[in-house]
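Undergrad: Provided herewith is a single structure, encoded as structure tokens, for subsequent inquiry.
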2 protein chains.
Amino acid sequence: MIPIPQSIIEQLDKFFKPRAVAVVGVSYHPEKIGHIIFKSLLESQYCGKIYPVNPKGGDIIGHMAYPSILDCPDDTELAVITIAAKYTPQVIEQCGKKGVRNIVIVSGGFKEVGNEELESQIVEIARQNGIRIIGPNCIGIYDAITKVETFFQSHDRMVRPSYNAKTKISFLTQSGTYGASFLELLDEDGLGVSKFVSYGNKADVNETDMLQYLAEDQDTKVIAIYLEAIGRGEGRTFFEVAKEVTRKKPVVIYKTGTTTEGTTAAKSHTGHLSSQAAVYNGVFKQTGILSIRNFDELLAVSKALAFQPLPKGNRCAFVSNGIGPVIAMIDEAVKNKLEIAKLQELTREHLREKFPPFFVIENPVDVTGSATSKDYEIAIEAFLNDPNVDIVMPWFVFQDTPLDENIVNVLDEMNSRTQKPILIGAHGGPYTKRMSKIIQGKGIPVFDQAGKVIAAASALYRYSQYLSR
Amino acid sequence: MIPIPQSIIEQLDKFFKPRAVAVVGVSYHPEKIGHIIFKSLLESQYCGKIYPVNPKGGDIIGHMAYPSILDCPDDTELAVITIAAKYTPQVIEQCGKKGVRNIVIVSGGFKEVGNEELESQIVEIARQNGIRIIGPNCIGIYDAITKVETFFQSHDRMVRPSYNAKTKISFLTQSGTYGASFLELLDEDGLGVSKFVSYGNKADVNETDMLQYLAEDQDTKVIAIYLEAIGRGEGRTFFEVAKEVTRKKPVVIYKTGTTTEGTTAAKSHTGHLSSQAAVYNGVFKQTGILSIRNFDELLAVSKALAFQPLPKGNRCAFVSNGIGPVIAMIDEAVKNKLEIAKLQELTREHLREKFPPFFVIENPVDVTGSATSKDYEIAIEAFLNDPNVDIVMPWFVFQDTPLDENIVNVLDEMNSRTQKPILIGAHGGPYTKRMSKIIQGKGIPVFDQAGKVIAAASALYRYSQYLSR
């Protein structure tokens, strides 16, 4: 592992655990971004102090504004800058004087609109003053434990997920939009989050820094990333660091800008020009980073990694009371280099003995619409005992009324004693969602699309393969 | 158009508008499939009569059971058969005697488990008696207007969508599971449904019959299909019929069994062996059937077709207050042979004049996190006026608090006077879902994933191309 000096870890730590936060550029107008950030931080459960900065001073939502960061109390450890780009150099210099060494710049108007020079200038000033910057052009940070946040998404518009000690997923993103949505999807799916960083143009702190930091973070088990491009000249370091980090923790990445046109759009989004997709794919493969195809799969794979063990091989076994989606899974599995397990003759015999003649004893095992939880139990048990099976994938049609709710206990019990990953599929309305939530609450991931189950299985297998090399 | 005799239409009509339904094989045990079907039909708002058949007679949920279909009143027009496969020939013969000419066979145990002979036998008996069969091995039918249904998915487990005069989507499926889930997803998305047919092994009534029927059905505007395989020897008729139907109404298809392994699984699911994927793709292309890649896209494309006009060309324009997902859309658009519109210089000038300097005036137009509904209005209006733009795709980050809710009126107004399709993207938590629902309620489709917006745009364009040939 490329050693990251303890001092750097300590400094990055301050982004997530500051004693006090100053928000620079808190307007009196409630619809302005600076105002919303200040108000949202007040409404969070962050227990440090919060100082609004406005040159005019006065009272903002019952808090006295400080005319400048220089006037803020000395315990200020994090500054959130929301003023126009051209004024930022001056404020960063003031932060330097004040001894504030952690800055989040939310404002845009830098490299992404061609102001490369201004962006270089703020980095230069930061370096001279021992300051680390997250941003500019971003939505900044969120820590689900300390509840510090820099969001201009108000609480009534965007849910902040809680910390979840079972999943410990952290998320790094160049896009604030994907950031906001990933947080809300994590919450909806009951997964929670640990640390969140949206660094936009990432003028200073980038994925390499954060990977090193999160590799050491005891509250992070899975690292998910949304990436548009690695910064110019950063490729080699990223490569070396990623290779080491993935030995310790799984890293899942969703990369956009895979076409020339997409790359151009990314350039004017966060200011970085992407190399060819093939180059990135090579890097991800060699470093053990799990690359996926779309945003939905980012969530699916993160949750599989958080909940399930890695498989020994790629042989999948399926059972369902409704085979349609299983055919889709099998198509996808084959396209993703997973194998359809050949069940042992012993397994087949056992199932033939236990099941009525109209069940289909193949892989997939079709327990038909009349299946009960007992039928699933028999099939899954058989898969777990069959040495030809590495990954177990039951699909449930919870709408089919013969399937009783004891299935929750069956799965919970199986999951608690198996070293084989169990990945579940089910889609539908309120009842299906409720059943899925209960089962996932037991630590067995449930996916609402055939493609997502296979994306998860494929990632688990690829990661297992990488680690065993 | 291959003429479908009026008498056939009238007979198929009886599946959806029977005066009375007999459920054959209603057990006294509430967990048995026949019992659940009977109970569910009682709980539906179907206003025809419902007769339970059980050889033992007696009282089932307060209804006197008839010992056989022969004992049922003479207004019986539809029989739902839920008894073991081996007893079905006898019941079909009785239906013939009784003059019941529409049968849904829910039971499995036919071709899908190798009982080809039994399946041929029931078709033979049906033909001799002028009977049409839906099934076997299926969940049967649902009509959102008459509320007739044959589901063994109880009402508390599966939602039945209402009829929606704005969308008029009908669904044909070989898989009951995809059927149940599609119904619930249509309901969740507020889209409703018209007619629903799950025909499983489709021993008799198949997609060709139903396409002909739905082409004439005034309650059907969009036909969605889940397909595993066209029956042997049915290919040519399907081809000819599909080619004509797509001239009248859009047909969207989700086909699984695209790999050898998937095909094998499909064979033991609904008894049909699929040809190579390339053959099907050729057929779909030549007949104007819109083939999509996964189940999510089936819903996305159906709803785009239900709500929006067809585009004149494939040139897409994007605007967003959060560009991340737009980059994903652009990547997908390029891969799907859509073009990124080159905005006219006039449009650019206009936008430069109206917008602050930190907005990015390219395609995509980046109105940044500080965008209001007014900014979107300016950009979308400009796209609608620009002859270089065929499809308008705004992505909304509703979480970004500066974006005010007047956006609903802006979109409603634009949508009401444009001939260009508007396809919207947005993903996130409860607030985003609420905003999406309100906007979609106005007839502008909202998609929760970049890939879905592009699948929709691509389908609209392909269909437009096909119709203009």
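Chain identifiers are assigned as A, B, and so on, following the order in which chains appear in the structure tokens; residues are numbered from 1 within each chain, and ligands are numbered from 1 in order of appearance.
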Select, as an NGL selection string, those residues of chain A with any atom no more than 6 Å from chain B (distances computed using only C-alpha atoms).
TA: :A and (31 or 109 or 153 or 157-158 or 175 or 177 or 181 or 184 or 256 or 259 or 262 or 322 or 324 or 327-328 or 330-331 or 358 or 399-402 or 427-429 or 431)
Undergrad: Show me, as a PyMOL selection string, the residues that have an atom within 12 Å of A:Arg417 when counting only C-alpha atoms, minus same-chain residues fewer than 4 positions from it.
TA: chain A and resi 308-309+381+384-385+410-413+421-422
Undergrad: Show which residues sit within 10 Å of B:Gln344, as a list in words. Count only C-alpha atoms, and ignore same-chain residues fewer than 5 positions away.
TA: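 Selected residues are Glu349, His350, Ala382, Phe383, Asn385, Asp386, Pro387, Asn388 and Val389 of chain B.
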Undergrad: Just to be explicit: take each residue in the selection above, keep N, CA and C atoms, and write the result as a short mmCIF file (atom, residue, chain, number, x, y, z; two decimals), in the first residue's frame.
TA:
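Done, and the output landed in out-v5.cif:
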data_model
loop_
_atom_site.label_atom_id
_atom_site.label_comp_id
_atom_site.auth_asym_id
_atom_site.auth_seq_id
_atom_site.Cartn_x
_atom_site.Cartn_y
_atom_site.Cartn_z
N GLU B 349 -27.36 32.41 -29.53
CA GLU B 349 -27.30 33.86 -29.25
C GLU B 349 -28.41 34.25 -28.28
N HIS B 350 -29.60 33.74 -28.60
CA HIS B 350 -30.76 34.03 -27.76
C HIS B 350 -30.50 33.59 -26.31
N ALA B 382 -36.63 27.54 -26.52
CA ALA B 382 -35.62 27.70 -27.59
C ALA B 382 -35.49 26.40 -28.39
N PHE B 383 -35.51 25.26 -27.69
CA PHE B 383 -35.42 23.96 -28.38
C PHE B 383 -36.63 23.76 -29.29
N ASN B 385 -38.37 25.93 -30.73
CA ASN B 385 -38.33 26.84 -31.88
C ASN B 385 -37.18 26.54 -32.84
N ASP B 386 -36.25 25.72 -32.40
CA ASP B 386 -35.06 25.47 -33.22
C ASP B 386 -35.32 24.33 -34.20
N PRO B 387 -35.29 24.61 -35.51
CA PRO B 387 -35.58 23.54 -36.48
C PRO B 387 -34.52 22.43 -36.50
N ASN B 388 -33.42 22.63 -35.82
CA ASN B 388 -32.39 21.58 -35.73
C ASN B 388 -32.69 20.56 -34.63
N VAL B 389 -33.75 20.79 -33.89
CA VAL B 389 -34.06 19.91 -32.75
C VAL B 389 -35.34 19.11 -33.03
#
Undergrad: Rounded to one decimal, what separation in Å do you get between atom CA of A:Val222 and atom CA of A:Ile289?
TA: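 Computing it gives 11.5 Å between the two atoms.
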Undergrad: Show me, as a PyMOL selection string, the residues that have an atom within 10 Å of A:Glu119 when counting only C-alpha atoms, minus same-chain residues fewer than 5 positions from it.
TA: chain A and resi 85-86+88-89+109-112+114+124+136+201-204
Undergrad: Taking the chain letters and numbering used in this document, name the residues of stretch 35-130 of chain B that DSSP puts in alpha helix (DSSP H), as a CSV table (one decimal) with C-alpha atoms, in the first residue's frame.
TA:
chain,number,residue,atom,x,y,z
B,35,HIS,CA,-60.2,-21.1,-4.6
B,36,ILE,CA,-58.1,-18.0,-4.8
B,37,ILE,CA,-59.2,-17.4,-8.4
B,38,PHE,CA,-62.9,-17.7,-7.4
B,39,LYS,CA,-62.4,-15.4,-4.4
B,40,SER,CA,-60.4,-12.8,-6.4
B,41,LEU,CA,-63.1,-12.7,-9.0
B,42,LEU,CA,-65.8,-12.2,-6.3
B,43,GLU,CA,-63.7,-9.3,-4.9
B,88,THR,CA,-59.0,-31.0,-18.7
B,89,PRO,CA,-60.1,-32.8,-21.9
B,90,GLN,CA,-63.3,-34.0,-20.3
B,91,VAL,CA,-64.2,-30.5,-19.0
B,92,ILE,CA,-63.5,-29.0,-22.4
B,93,GLU,CA,-65.9,-31.6,-23.9
B,94,GLN,CA,-68.5,-30.6,-21.3
B,95,CYS,CA,-68.0,-27.0,-22.3
B,96,GLY,CA,-68.6,-27.9,-25.9
B,97,LYS,CA,-71.9,-29.6,-24.9
B,98,LYS,CA,-72.9,-26.7,-22.7
B,116,GLU,CA,-47.3,-32.4,-26.0
B,117,GLU,CA,-50.0,-35.0,-26.7
B,118,LEU,CA,-52.3,-33.9,-24.0
B,119,GLU,CA,-52.0,-30.3,-25.2
B,120,SER,CA,-52.7,-31.4,-28.8
B,121,GLN,CA,-55.7,-33.3,-27.5
B,122,ILE,CA,-57.3,-30.3,-25.8
B,123,VAL,CA,-56.8,-28.1,-28.9
B,124,GLU,CA,-58.4,-30.8,-31.0
B,125,ILE,CA,-61.5,-31.0,-28.8
B,126,ALA,CA,-61.7,-27.2,-28.7
B,127,ARG,CA,-61.6,-26.9,-32.5
B,128,GLN,CA,-64.3,-29.6,-32.9
